[in-house]
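Q: Here it is, the structure in full.
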Amino acid sequence: MPISGIPSRAALVDHLIRTRIAGDVATPRDNNLAHYRRLANGDRHYWLGLELGDRWTDEQDVLAVMAERCGVNDDPEFRFGQDTIDPELTVDALDRMAARLRKAAAGQQRVLFATGHPGGLLDVHRATAAALRAAGCEIVVIPEGLATDEGMVFQFADVAVLERGATLWHTHSPDPMARILDGLERAGRPLPDLVVADHGWAGCAGQRGIDAVGYADSNDPALFIGEAEGTLQVTVPLDDHVTSPRHYDPMTAYLLDAAGLSPTG
């Protein structure tokens, strides 16, 4: 199953389907629809740090965005069973993200990385940070002593994460990113030019007016809405926690090569 080197687009699409990063993903349809409904009903947990106002109060509008940008089934009567992520949309979004990373490298910009899904995406972010540092970018070091109600905000392998009980923690909350940005401002340090993240970490940054790109699963519609409204630059659709984090390696290799950041790029 492993792909050595940099995959072609066709090889990456095949890999995404075989590893269920895209294609028939593990998230069931009823879970997707429940999350779309909760976002439409104003549950801020599902807004991922974005301010959606009253613009998305119809869950069918949310479903339409998710069908267009993520590739879930667009039939509102399909309520149970296997849902999907379109792997072609995943690769299209990786290409858009690569263009923004190329811009960051060309301008040697300040870039902040963060993840609410350390069990799946930590190494994707770490490898991207290492490539941008090698290209001359500043990888933002977060202030020390930051805490939220959920735990402490630390930086591990250049990636901001939530830590609790000596464990890296899964979180959708925008609060950790808010603490980082507020801490940078208190210290008189410049904010990032770009945030590469997921979940509420990406949503909060985009809502603050910072260029933000991120990854999102089929049951996390807010970031796709954020891209549709222009609050986020790019949202890449994928299953954000498959059976092995190594399954993301070919995707990362493709992304960095498309951005001109691979050793041979």
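Residues in the structure tokens are numbered from 1 in each chain, the chains being A, B, ... in the order shown, and ligands are numbered from 1 in the order shown.
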Quick one: everything within 8 Å of range 136-149 of chain A, counting only C-alpha atoms, minus sequence neighbours fewer than 5 positions away in the same chain. Send it as a list in words.

A: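 Skipping anything fewer than 5 positions along the chain leaves Ala104, Ala105, Gly107, Gln108, Gln109, Arg110, Val111, Leu112, Phe113, Ala129, Phe154, Gln155, Asp158, Ala160, Asp175, Pro176, Arg179, Ile180, Gly183, Leu184 and Pro192 of chain A.
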
Q: Export all heavy atoms of the chosen residues as a short mmCIF file (atom, residue, chain, number, x, y, z; two decimals), in the first residue's frame?

A:
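Output file selection26.cif follows:
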data_model
loop_
_atom_site.label_atom_id
_atom_site.label_comp_id
_atom_site.auth_asym_id
_atom_site.auth_seq_id
_atom_site.Cartn_x
_atom_site.Cartn_y
_atom_site.Cartn_z
N ALA A 104 3.60 31.81 0.37
CA ALA A 104 4.26 32.00 1.66
C ALA A 104 5.77 31.82 1.55
O ALA A 104 6.54 32.60 2.13
CB ALA A 104 3.68 31.03 2.68
N ALA A 105 6.18 30.81 0.81
CA ALA A 105 7.61 30.56 0.65
C ALA A 105 8.28 31.69 -0.12
O ALA A 105 9.37 32.15 0.24
CB ALA A 105 7.83 29.23 -0.06
N GLY A 107 7.46 34.76 -0.27
CA GLY A 107 7.54 35.97 0.56
C GLY A 107 8.20 35.76 1.90
O GLY A 107 8.25 36.69 2.71
N GLN A 108 8.69 34.54 2.14
CA GLN A 108 9.30 34.18 3.42
C GLN A 108 8.42 34.68 4.58
O GLN A 108 8.86 35.37 5.49
CB GLN A 108 10.72 34.72 3.52
CG GLN A 108 11.65 34.13 2.46
CD GLN A 108 13.10 34.46 2.67
OE1 GLN A 108 13.46 35.46 3.28
NE2 GLN A 108 13.97 33.61 2.15
N GLN A 109 7.18 34.27 4.52
CA GLN A 109 6.18 34.76 5.46
C GLN A 109 6.25 34.04 6.81
O GLN A 109 6.90 33.02 6.95
CB GLN A 109 4.78 34.59 4.85
CG GLN A 109 4.53 35.47 3.65
CD GLN A 109 3.12 35.34 3.10
OE1 GLN A 109 2.43 34.34 3.32
NE2 GLN A 109 2.67 36.36 2.39
N ARG A 110 5.56 34.64 7.77
CA ARG A 110 5.40 34.02 9.10
C ARG A 110 4.21 33.08 9.04
O ARG A 110 3.09 33.50 8.70
CB ARG A 110 5.16 35.08 10.18
CG ARG A 110 6.32 36.05 10.38
CD ARG A 110 5.99 37.07 11.47
NE ARG A 110 4.78 37.82 11.16
CZ ARG A 110 4.75 38.89 10.36
NH1 ARG A 110 5.86 39.32 9.79
NH2 ARG A 110 3.61 39.52 10.13
N VAL A 111 4.42 31.83 9.40
CA VAL A 111 3.37 30.81 9.28
C VAL A 111 3.20 30.11 10.63
O VAL A 111 4.18 29.73 11.27
CB VAL A 111 3.70 29.79 8.18
CG1 VAL A 111 2.51 28.85 7.95
CG2 VAL A 111 4.08 30.49 6.87
N LEU A 112 1.96 29.94 11.02
CA LEU A 112 1.61 29.24 12.25
C LEU A 112 0.87 27.96 11.90
O LEU A 112 -0.06 27.98 11.09
CB LEU A 112 0.73 30.12 13.13
CG LEU A 112 0.13 29.50 14.39
CD1 LEU A 112 1.21 29.05 15.36
CD2 LEU A 112 -0.83 30.48 15.06
N PHE A 113 1.27 26.86 12.53
CA PHE A 113 0.63 25.56 12.33
C PHE A 113 -0.06 25.14 13.62
O PHE A 113 0.46 25.35 14.71
CB PHE A 113 1.67 24.50 11.94
CG PHE A 113 2.20 24.68 10.54
CD1 PHE A 113 3.24 25.57 10.29
CD2 PHE A 113 1.65 23.97 9.49
CE1 PHE A 113 3.72 25.74 9.00
CE2 PHE A 113 2.12 24.15 8.20
CZ PHE A 113 3.16 25.03 7.95
N ALA A 129 5.52 22.37 7.87
CA ALA A 129 6.28 23.41 8.57
C ALA A 129 7.77 23.28 8.28
O ALA A 129 8.46 24.29 8.04
CB ALA A 129 6.03 23.31 10.08
N PHE A 154 0.24 24.04 23.86
CA PHE A 154 1.67 23.86 23.69
C PHE A 154 2.00 23.76 22.21
O PHE A 154 1.12 23.68 21.35
CB PHE A 154 2.14 22.57 24.38
CG PHE A 154 2.12 22.62 25.88
CD1 PHE A 154 1.66 21.52 26.61
CD2 PHE A 154 2.54 23.73 26.57
CE1 PHE A 154 1.64 21.55 27.99
CE2 PHE A 154 2.52 23.78 27.95
CZ PHE A 154 2.07 22.67 28.67
N GLN A 155 3.30 23.74 21.93
CA GLN A 155 3.77 23.55 20.57
C GLN A 155 4.64 22.30 20.55
O GLN A 155 5.57 22.16 21.34
CB GLN A 155 4.57 24.77 20.10
CG GLN A 155 4.66 24.93 18.60
CD GLN A 155 5.03 26.36 18.23
OE1 GLN A 155 5.60 27.10 19.03
NE2 GLN A 155 4.71 26.76 17.02
N ASP A 158 6.71 21.91 16.05
CA ASP A 158 6.32 23.12 15.30
C ASP A 158 4.83 23.29 15.15
O ASP A 158 4.37 24.19 14.44
CB ASP A 158 6.97 23.16 13.92
CG ASP A 158 8.43 23.55 13.96
OD1 ASP A 158 8.83 24.29 14.87
OD2 ASP A 158 9.19 23.08 13.08
N ALA A 160 1.06 23.78 17.02
CA ALA A 160 0.33 24.08 18.25
C ALA A 160 -0.74 23.01 18.46
O ALA A 160 -1.47 22.64 17.53
CB ALA A 160 -0.30 25.46 18.16
N ASP A 175 -10.93 28.23 20.94
CA ASP A 175 -10.30 28.94 22.05
C ASP A 175 -8.77 28.84 22.05
O ASP A 175 -8.09 29.84 22.35
CB ASP A 175 -10.85 28.44 23.39
CG ASP A 175 -12.30 28.85 23.60
OD1 ASP A 175 -12.77 29.74 22.88
OD2 ASP A 175 -12.96 28.26 24.48
N PRO A 176 -8.16 27.68 21.76
CA PRO A 176 -6.70 27.63 21.76
C PRO A 176 -6.07 28.61 20.76
O PRO A 176 -5.08 29.28 21.09
CB PRO A 176 -6.39 26.18 21.40
CG PRO A 176 -7.58 25.41 21.85
CD PRO A 176 -8.73 26.32 21.58
N ARG A 179 -6.32 32.11 22.13
CA ARG A 179 -5.29 32.35 23.16
C ARG A 179 -3.94 32.66 22.52
O ARG A 179 -3.21 33.53 22.99
CB ARG A 179 -5.16 31.14 24.08
CG ARG A 179 -6.40 30.77 24.87
CD ARG A 179 -6.78 31.84 25.88
NE ARG A 179 -7.80 31.36 26.79
CZ ARG A 179 -9.11 31.34 26.57
NH1 ARG A 179 -9.57 31.80 25.41
NH2 ARG A 179 -9.96 30.88 27.47
N ILE A 180 -3.61 31.94 21.46
CA ILE A 180 -2.32 32.18 20.79
C ILE A 180 -2.29 33.59 20.19
O ILE A 180 -1.32 34.35 20.39
CB ILE A 180 -2.09 31.14 19.69
CG1 ILE A 180 -1.87 29.74 20.29
CG2 ILE A 180 -0.88 31.52 18.83
CD1 ILE A 180 -1.84 28.63 19.27
N GLY A 183 -2.18 36.19 22.81
CA GLY A 183 -0.87 36.18 23.46
C GLY A 183 0.19 36.86 22.62
O GLY A 183 1.06 37.58 23.14
N LEU A 184 0.16 36.65 21.31
CA LEU A 184 1.11 37.32 20.43
C LEU A 184 0.91 38.83 20.47
O LEU A 184 1.89 39.60 20.53
CB LEU A 184 0.94 36.82 18.99
CG LEU A 184 1.37 35.38 18.72
CD1 LEU A 184 0.94 34.95 17.31
CD2 LEU A 184 2.90 35.22 18.87
N PRO A 192 0.64 35.96 12.55
CA PRO A 192 1.07 35.20 11.37
C PRO A 192 0.54 35.82 10.08
O PRO A 192 -0.53 36.44 10.06
CB PRO A 192 0.46 33.81 11.59
CG PRO A 192 -0.01 33.78 13.00
CD PRO A 192 -0.22 35.18 13.44
#

Q: If you count only C-alpha atoms, which residues fall within 7 Å of Asp239 in chain A, apart from same-chain ones fewer than 5 positions away, as an NGL selection string?

A: :A and (21-22 or 25 or 217)

Q: Between CA of Arg102 in chain A and CA of Val213 in chain A, what distance in Å does the model show, to one decimal?

A: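 Between these atoms lies a distance of 12.8 Å.
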
Q: Can you tell me, as a ChimeraX atom specification, what residues are no more than 9 Å from Ala212 in chain A when counting only C-alpha atoms, ignoring any on the same chain fewer than 3 positions away?

A: /A:193-197,202-203,205-206,209,231-235

Q: Deliver the residues from the most recent selection as a file, using all heavy atoms, as a tab-separated table (two decimals), in the first residue's frame.

A:
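Done, and the output landed in out20.tsv:
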chain	number	residue	atom	x	y	z
A	193	ASP	N	1.28	35.62	9.01
A	193	ASP	CA	0.76	35.94	7.68
A	193	ASP	C	-0.16	34.84	7.18
A	193	ASP	O	-1.04	35.09	6.35
A	193	ASP	CB	1.92	36.10	6.69
A	193	ASP	CG	2.87	37.21	7.08
A	193	ASP	OD1	2.41	38.36	7.26
A	193	ASP	OD2	4.08	36.93	7.23
A	194	LEU	N	0.06	33.63	7.69
A	194	LEU	CA	-0.71	32.47	7.25
A	194	LEU	C	-0.85	31.50	8.41
A	194	LEU	O	0.11	31.28	9.15
A	194	LEU	CB	0.00	31.78	6.08
A	194	LEU	CG	-0.59	30.45	5.59
A	194	LEU	CD1	-1.98	30.67	4.98
A	194	LEU	CD2	0.34	29.80	4.57
A	195	VAL	N	-2.03	30.92	8.55
A	195	VAL	CA	-2.26	29.83	9.49
A	195	VAL	C	-2.64	28.59	8.70
A	195	VAL	O	-3.51	28.64	7.82
A	195	VAL	CB	-3.37	30.19	10.50
A	195	VAL	CG1	-3.83	28.93	11.26
A	195	VAL	CG2	-2.88	31.25	11.47
A	196	VAL	N	-1.96	27.49	9.00
A	196	VAL	CA	-2.27	26.19	8.40
A	196	VAL	C	-2.77	25.31	9.54
A	196	VAL	O	-2.01	25.02	10.47
A	196	VAL	CB	-1.04	25.57	7.72
A	196	VAL	CG1	-1.42	24.25	7.05
A	196	VAL	CG2	-0.42	26.54	6.72
A	197	ALA	N	-4.03	24.88	9.48
A	197	ALA	CA	-4.61	24.25	10.66
A	197	ALA	C	-5.80	23.39	10.28
A	197	ALA	O	-5.94	22.92	9.14
A	197	ALA	CB	-5.01	25.33	11.68
A	202	ALA	N	-8.33	26.71	12.67
A	202	ALA	CA	-8.39	27.39	11.37
A	202	ALA	C	-9.53	28.40	11.32
A	202	ALA	O	-9.37	29.51	10.82
A	202	ALA	CB	-8.55	26.36	10.25
A	203	GLY	N	-10.71	28.01	11.86
A	203	GLY	CA	-11.85	28.91	11.82
A	203	GLY	C	-11.60	30.20	12.57
A	203	GLY	O	-11.94	31.29	12.08
A	205	ALA	N	-8.71	31.66	13.22
A	205	ALA	CA	-7.73	32.49	12.51
A	205	ALA	C	-8.38	33.20	11.32
A	205	ALA	O	-8.17	34.40	11.11
A	205	ALA	CB	-6.56	31.63	12.04
A	206	GLY	N	-9.17	32.47	10.55
A	206	GLY	CA	-9.84	33.10	9.42
A	206	GLY	C	-10.80	34.18	9.86
A	206	GLY	O	-10.88	35.25	9.24
A	209	GLY	N	-9.35	37.49	10.43
A	209	GLY	CA	-8.84	38.19	9.25
A	209	GLY	C	-7.46	37.74	8.80
A	209	GLY	O	-6.86	38.38	7.93
A	231	THR	N	-13.92	33.57	4.02
A	231	THR	CA	-13.26	33.76	5.31
A	231	THR	C	-12.02	32.89	5.42
A	231	THR	O	-11.04	33.28	6.05
A	231	THR	CB	-14.23	33.44	6.46
A	231	THR	OG1	-15.46	34.12	6.24
A	231	THR	CG2	-13.65	33.87	7.80
A	232	LEU	N	-12.07	31.70	4.84
A	232	LEU	CA	-10.90	30.84	4.73
A	232	LEU	C	-10.44	30.80	3.29
A	232	LEU	O	-11.24	30.88	2.35
A	232	LEU	CB	-11.23	29.41	5.20
A	232	LEU	CG	-10.94	29.11	6.67
A	232	LEU	CD1	-11.99	29.75	7.56
A	232	LEU	CD2	-10.87	27.61	6.91
A	233	GLN	N	-9.13	30.67	3.11
A	233	GLN	CA	-8.58	30.61	1.77
A	233	GLN	C	-8.86	29.27	1.11
A	233	GLN	O	-9.24	29.21	-0.06
A	233	GLN	CB	-7.06	30.84	1.83
A	233	GLN	CG	-6.64	32.13	2.50
A	233	GLN	CD	-6.72	33.30	1.56
A	233	GLN	OE1	-6.12	33.29	0.50
A	233	GLN	NE2	-7.45	34.33	1.95
A	234	VAL	N	-8.63	28.19	1.86
A	234	VAL	CA	-8.77	26.84	1.31
A	234	VAL	C	-9.24	25.91	2.42
A	234	VAL	O	-8.76	26.00	3.55
A	234	VAL	CB	-7.44	26.30	0.75
A	234	VAL	CG1	-7.63	24.89	0.18
A	234	VAL	CG2	-6.84	27.22	-0.29
A	235	THR	N	-10.15	24.99	2.08
A	235	THR	CA	-10.51	23.89	2.96
A	235	THR	C	-10.38	22.59	2.18
A	235	THR	O	-11.03	22.42	1.14
A	235	THR	CB	-11.94	24.02	3.50
A	235	THR	OG1	-12.06	25.25	4.23
A	235	THR	CG2	-12.29	22.86	4.41

Q: Env of Gly116 in chain A: 9 Å cut, atoms = only C-alpha atoms, seq-sep filter 2 positions within chain, self excluded. Answer as a PyMOL selection string.

A: chain A and resi 114+118-119+121-122+160-162+168-173+197-201

Q: Since we have the selection now, will you write its residues out, keeping all heavy atoms, as a short mmCIF file (atom, residue, chain, number, x, y, z; two decimals), in the first residue's frame?

A:
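Output file result-v2.cif is given in full below:
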data_model
loop_
_atom_site.label_atom_id
_atom_site.label_comp_id
_atom_site.auth_asym_id
_atom_site.auth_seq_id
_atom_site.Cartn_x
_atom_site.Cartn_y
_atom_site.Cartn_z
N ALA A 114 -1.23 24.50 13.46
CA ALA A 114 -1.98 24.05 14.63
C ALA A 114 -2.90 22.91 14.22
O ALA A 114 -3.39 22.87 13.09
CB ALA A 114 -2.79 25.20 15.23
N PRO A 118 -4.45 15.74 16.51
CA PRO A 118 -3.05 15.29 16.53
C PRO A 118 -2.87 13.82 16.20
O PRO A 118 -1.82 13.42 15.70
CB PRO A 118 -2.60 15.60 17.97
CG PRO A 118 -3.86 15.67 18.76
CD PRO A 118 -4.89 16.23 17.83
N GLY A 119 -3.89 12.99 16.45
CA GLY A 119 -3.77 11.57 16.14
C GLY A 119 -3.73 11.28 14.65
O GLY A 119 -3.26 10.22 14.24
N LEU A 121 -3.40 14.24 11.94
CA LEU A 121 -2.82 15.26 11.06
C LEU A 121 -1.55 15.91 11.58
O LEU A 121 -0.99 16.77 10.89
CB LEU A 121 -3.87 16.34 10.78
CG LEU A 121 -5.14 15.86 10.07
CD1 LEU A 121 -6.12 17.01 9.89
CD2 LEU A 121 -4.83 15.21 8.74
N LEU A 122 -1.08 15.52 12.75
CA LEU A 122 0.09 16.19 13.31
C LEU A 122 1.29 16.14 12.37
O LEU A 122 1.96 17.15 12.13
CB LEU A 122 0.47 15.56 14.66
CG LEU A 122 1.69 16.15 15.36
CD1 LEU A 122 1.46 17.62 15.73
CD2 LEU A 122 2.04 15.34 16.61
N ALA A 160 1.06 23.78 17.02
CA ALA A 160 0.33 24.08 18.25
C ALA A 160 -0.74 23.01 18.46
O ALA A 160 -1.47 22.64 17.53
CB ALA A 160 -0.30 25.46 18.16
N VAL A 161 -0.84 22.54 19.70
CA VAL A 161 -1.78 21.48 20.07
C VAL A 161 -2.34 21.78 21.45
O VAL A 161 -1.80 22.58 22.21
CB VAL A 161 -1.10 20.10 20.08
CG1 VAL A 161 -0.68 19.68 18.68
CG2 VAL A 161 0.10 20.09 21.02
N LEU A 162 -3.41 21.09 21.78
CA LEU A 162 -3.99 21.15 23.11
C LEU A 162 -3.49 19.94 23.90
O LEU A 162 -3.55 18.81 23.41
CB LEU A 162 -5.51 21.14 23.04
CG LEU A 162 -6.23 21.31 24.38
CD1 LEU A 162 -6.12 22.74 24.88
CD2 LEU A 162 -7.71 20.92 24.24
N LEU A 168 -1.86 14.63 24.14
CA LEU A 168 -2.32 15.55 23.11
C LEU A 168 -3.81 15.29 22.88
O LEU A 168 -4.23 14.15 22.73
CB LEU A 168 -1.53 15.37 21.82
CG LEU A 168 -0.01 15.53 21.95
CD1 LEU A 168 0.65 15.48 20.58
CD2 LEU A 168 0.36 16.82 22.67
N TRP A 169 -4.60 16.36 22.79
CA TRP A 169 -6.04 16.25 22.89
C TRP A 169 -6.74 16.64 21.60
O TRP A 169 -6.38 17.64 20.95
CB TRP A 169 -6.52 17.15 24.02
CG TRP A 169 -7.80 16.71 24.66
CD1 TRP A 169 -9.04 17.26 24.48
CD2 TRP A 169 -7.98 15.62 25.55
NE1 TRP A 169 -9.97 16.59 25.23
CE2 TRP A 169 -9.36 15.57 25.90
CE3 TRP A 169 -7.13 14.67 26.11
CZ2 TRP A 169 -9.89 14.62 26.75
CZ3 TRP A 169 -7.65 13.72 26.98
CH2 TRP A 169 -9.01 13.70 27.30
N HIS A 170 -7.75 15.88 21.24
CA HIS A 170 -8.61 16.21 20.12
C HIS A 170 -9.57 17.33 20.53
O HIS A 170 -10.22 17.23 21.56
CB HIS A 170 -9.39 14.95 19.72
CG HIS A 170 -10.47 15.18 18.71
ND1 HIS A 170 -11.78 14.83 18.92
CD2 HIS A 170 -10.43 15.73 17.47
CE1 HIS A 170 -12.49 15.14 17.86
NE2 HIS A 170 -11.70 15.69 16.97
N THR A 171 -9.65 18.39 19.74
CA THR A 171 -10.56 19.48 20.07
C THR A 171 -11.06 20.17 18.81
O THR A 171 -10.32 20.32 17.83
CB THR A 171 -9.89 20.52 20.99
OG1 THR A 171 -10.83 21.56 21.27
CG2 THR A 171 -8.65 21.14 20.37
N HIS A 172 -12.32 20.58 18.85
CA HIS A 172 -12.89 21.41 17.80
C HIS A 172 -12.87 22.89 18.18
O HIS A 172 -13.22 23.74 17.37
CB HIS A 172 -14.34 21.00 17.53
CG HIS A 172 -14.50 19.70 16.83
ND1 HIS A 172 -14.43 18.49 17.48
CD2 HIS A 172 -14.73 19.41 15.52
CE1 HIS A 172 -14.62 17.51 16.61
NE2 HIS A 172 -14.79 18.04 15.42
N SER A 173 -12.49 23.20 19.39
CA SER A 173 -12.65 24.54 19.94
C SER A 173 -11.77 25.57 19.25
O SER A 173 -10.60 25.30 18.95
CB SER A 173 -12.32 24.51 21.44
OG SER A 173 -12.36 25.83 21.97
N ALA A 197 -4.03 24.88 9.48
CA ALA A 197 -4.61 24.25 10.66
C ALA A 197 -5.80 23.39 10.28
O ALA A 197 -5.94 22.92 9.14
CB ALA A 197 -5.01 25.33 11.68
N ASP A 198 -6.69 23.17 11.23
CA ASP A 198 -7.93 22.43 11.05
C ASP A 198 -8.87 22.84 12.18
O ASP A 198 -8.49 23.60 13.07
CB ASP A 198 -7.67 20.91 11.03
CG ASP A 198 -6.77 20.45 12.17
OD1 ASP A 198 -7.22 20.49 13.34
OD2 ASP A 198 -5.61 20.06 11.92
N HIS A 199 -10.11 22.34 12.12
CA HIS A 199 -11.09 22.58 13.17
C HIS A 199 -11.17 24.06 13.56
O HIS A 199 -11.02 24.94 12.72
CB HIS A 199 -10.77 21.71 14.39
CG HIS A 199 -11.13 20.26 14.20
ND1 HIS A 199 -10.92 19.32 15.17
CD2 HIS A 199 -11.70 19.60 13.16
CE1 HIS A 199 -11.33 18.13 14.74
NE2 HIS A 199 -11.80 18.28 13.52
N GLY A 200 -11.43 24.31 14.85
CA GLY A 200 -11.58 25.68 15.31
C GLY A 200 -10.32 26.51 15.25
O GLY A 200 -10.38 27.74 15.25
N TRP A 201 -9.17 25.84 15.21
CA TRP A 201 -7.91 26.57 15.07
C TRP A 201 -7.90 27.36 13.75
O TRP A 201 -7.49 28.52 13.71
CB TRP A 201 -6.74 25.61 15.08
CG TRP A 201 -6.62 24.68 16.24
CD1 TRP A 201 -7.32 23.53 16.44
CD2 TRP A 201 -5.72 24.79 17.35
NE1 TRP A 201 -6.91 22.92 17.60
CE2 TRP A 201 -5.94 23.67 18.18
CE3 TRP A 201 -4.76 25.73 17.72
CZ2 TRP A 201 -5.24 23.46 19.35
CZ3 TRP A 201 -4.05 25.53 18.90
CH2 TRP A 201 -4.28 24.41 19.70
#

Q: Looking only at helix (DSSP H, G or I) from DSSP on the backbone, list the matching residues of range 46-170 of chain A as a VMD selection string.

A: chain A and resid 46 59 to 69 87 to 106 118 to 134

Q: Restricting it to N, CA and C atoms, dump the selection as a short mmCIF file (atom, residue, chain, number, x, y, z; two decimals), in the first residue's frame.

A:
data_model
loop_
_atom_site.label_atom_id
_atom_site.label_comp_id
_atom_site.auth_asym_id
_atom_site.auth_seq_id
_atom_site.Cartn_x
_atom_site.Cartn_y
_atom_site.Cartn_z
N TYR A 46 -20.35 23.82 16.46
CA TYR A 46 -20.19 23.38 15.08
C TYR A 46 -19.82 24.52 14.14
N GLU A 59 -30.62 23.77 6.88
CA GLU A 59 -29.65 22.68 6.75
C GLU A 59 -29.51 22.19 5.31
N GLN A 60 -30.53 22.43 4.47
CA GLN A 60 -30.41 22.03 3.07
C GLN A 60 -29.38 22.91 2.34
N ASP A 61 -29.25 24.16 2.76
CA ASP A 61 -28.21 25.02 2.20
C ASP A 61 -26.83 24.52 2.61
N VAL A 62 -26.71 24.06 3.84
CA VAL A 62 -25.44 23.50 4.31
C VAL A 62 -25.11 22.24 3.51
N LEU A 63 -26.10 21.38 3.33
CA LEU A 63 -25.89 20.16 2.54
C LEU A 63 -25.44 20.50 1.12
N ALA A 64 -26.02 21.53 0.53
CA ALA A 64 -25.64 21.90 -0.84
C ALA A 64 -24.18 22.31 -0.92
N VAL A 65 -23.71 23.07 0.06
CA VAL A 65 -22.30 23.46 0.10
C VAL A 65 -21.42 22.23 0.26
N MET A 66 -21.83 21.32 1.13
CA MET A 66 -21.02 20.12 1.37
C MET A 66 -20.99 19.20 0.16
N ALA A 67 -22.07 19.14 -0.58
CA ALA A 67 -22.07 18.35 -1.81
C ALA A 67 -21.13 18.97 -2.84
N GLU A 68 -21.15 20.30 -2.93
CA GLU A 68 -20.31 20.99 -3.92
C GLU A 68 -18.84 20.95 -3.56
N ARG A 69 -18.50 21.16 -2.30
CA ARG A 69 -17.11 21.37 -1.91
C ARG A 69 -16.45 20.15 -1.28
N PRO A 87 -12.61 12.31 -3.98
CA PRO A 87 -11.15 12.46 -3.96
C PRO A 87 -10.64 13.49 -4.96
N GLU A 88 -11.37 13.72 -6.04
CA GLU A 88 -10.96 14.74 -6.99
C GLU A 88 -11.04 16.13 -6.35
N LEU A 89 -12.08 16.34 -5.53
CA LEU A 89 -12.18 17.61 -4.80
C LEU A 89 -11.06 17.74 -3.77
N THR A 90 -10.68 16.62 -3.17
CA THR A 90 -9.56 16.65 -2.22
C THR A 90 -8.30 17.13 -2.91
N VAL A 91 -8.00 16.55 -4.07
CA VAL A 91 -6.77 16.92 -4.77
C VAL A 91 -6.86 18.34 -5.33
N ASP A 92 -8.04 18.74 -5.80
CA ASP A 92 -8.21 20.14 -6.25
C ASP A 92 -7.88 21.10 -5.10
N ALA A 93 -8.36 20.79 -3.90
CA ALA A 93 -8.11 21.66 -2.75
C ALA A 93 -6.63 21.62 -2.35
N LEU A 94 -6.00 20.47 -2.45
CA LEU A 94 -4.56 20.40 -2.19
C LEU A 94 -3.79 21.30 -3.15
N ASP A 95 -4.23 21.34 -4.40
CA ASP A 95 -3.58 22.23 -5.38
C ASP A 95 -3.76 23.70 -4.99
N ARG A 96 -4.95 24.05 -4.50
CA ARG A 96 -5.17 25.43 -4.06
C ARG A 96 -4.33 25.75 -2.82
N MET A 97 -4.25 24.79 -1.90
CA MET A 97 -3.42 25.00 -0.73
C MET A 97 -1.95 25.14 -1.13
N ALA A 98 -1.52 24.34 -2.09
CA ALA A 98 -0.13 24.41 -2.55
C ALA A 98 0.19 25.80 -3.10
N ALA A 99 -0.76 26.40 -3.81
CA ALA A 99 -0.52 27.74 -4.34
C ALA A 99 -0.32 28.75 -3.22
N ARG A 100 -1.08 28.61 -2.13
CA ARG A 100 -0.91 29.54 -1.00
C ARG A 100 0.40 29.27 -0.27
N LEU A 101 0.81 28.02 -0.16
CA LEU A 101 2.10 27.71 0.46
C LEU A 101 3.26 28.24 -0.40
N ARG A 102 3.11 28.15 -1.70
CA ARG A 102 4.14 28.69 -2.60
C ARG A 102 4.29 30.20 -2.39
N LYS A 103 3.15 30.88 -2.23
CA LYS A 103 3.19 32.32 -1.97
C LYS A 103 3.89 32.61 -0.65
N ALA A 104 3.60 31.81 0.37
CA ALA A 104 4.26 32.00 1.66
C ALA A 104 5.77 31.82 1.55
N ALA A 105 6.18 30.81 0.81
CA ALA A 105 7.61 30.56 0.65
C ALA A 105 8.28 31.69 -0.12
N ALA A 106 7.62 32.16 -1.19
CA ALA A 106 8.21 33.23 -2.00
C ALA A 106 8.40 34.50 -1.19
N PRO A 118 -4.45 15.74 16.51
CA PRO A 118 -3.05 15.29 16.53
C PRO A 118 -2.87 13.82 16.20
N GLY A 119 -3.89 12.99 16.45
CA GLY A 119 -3.77 11.57 16.14
C GLY A 119 -3.73 11.28 14.65
N GLY A 120 -4.21 12.22 13.83
CA GLY A 120 -4.22 12.01 12.40
C GLY A 120 -3.33 12.95 11.62
N LEU A 121 -3.40 14.24 11.94
CA LEU A 121 -2.82 15.26 11.06
C LEU A 121 -1.55 15.91 11.58
N LEU A 122 -1.08 15.52 12.75
CA LEU A 122 0.09 16.19 13.31
C LEU A 122 1.29 16.14 12.37
N ASP A 123 1.55 14.98 11.79
CA ASP A 123 2.75 14.87 10.96
C ASP A 123 2.58 15.54 9.61
N VAL A 124 1.35 15.65 9.13
CA VAL A 124 1.10 16.43 7.91
C VAL A 124 1.54 17.88 8.14
N HIS A 125 1.11 18.45 9.26
CA HIS A 125 1.48 19.83 9.59
C HIS A 125 2.98 19.95 9.87
N ARG A 126 3.54 18.99 10.58
CA ARG A 126 4.97 19.05 10.92
C ARG A 126 5.83 19.06 9.66
N ALA A 127 5.51 18.18 8.72
CA ALA A 127 6.30 18.10 7.50
C ALA A 127 6.16 19.37 6.67
N THR A 128 4.97 19.94 6.64
CA THR A 128 4.76 21.17 5.90
C THR A 128 5.52 22.33 6.54
N ALA A 129 5.52 22.37 7.87
CA ALA A 129 6.28 23.41 8.57
C ALA A 129 7.77 23.28 8.28
N ALA A 130 8.29 22.07 8.30
CA ALA A 130 9.71 21.86 8.04
C ALA A 130 10.07 22.32 6.63
N ALA A 131 9.20 22.03 5.66
CA ALA A 131 9.47 22.43 4.29
C ALA A 131 9.45 23.95 4.13
N LEU A 132 8.50 24.61 4.79
CA LEU A 132 8.46 26.07 4.71
C LEU A 132 9.64 26.71 5.43
N ARG A 133 10.06 26.14 6.55
CA ARG A 133 11.24 26.68 7.22
C ARG A 133 12.47 26.57 6.31
N ALA A 134 12.62 25.44 5.64
CA ALA A 134 13.75 25.25 4.73
C ALA A 134 13.71 26.25 3.58
#

Q: Extract, using only C-alpha atoms, all DNA, RNA and protein residues at most 6 Å from Arg164 in chain A, discarding same-chain residues fewer than 2 positions from it, and format them as a list in words.

A: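 Once the nearby chain positions are removed, what remains is Gly151, Ala166 and Thr167 of chain A.
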
Q: From the list A:Val159, A:Ala40, A:Leu50, A:Ala34, which residue is nearest Glu227 in chain A when using only C-alpha atoms?

A: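 Smallest distance to Glu227 in chain A is found for A:Leu50.
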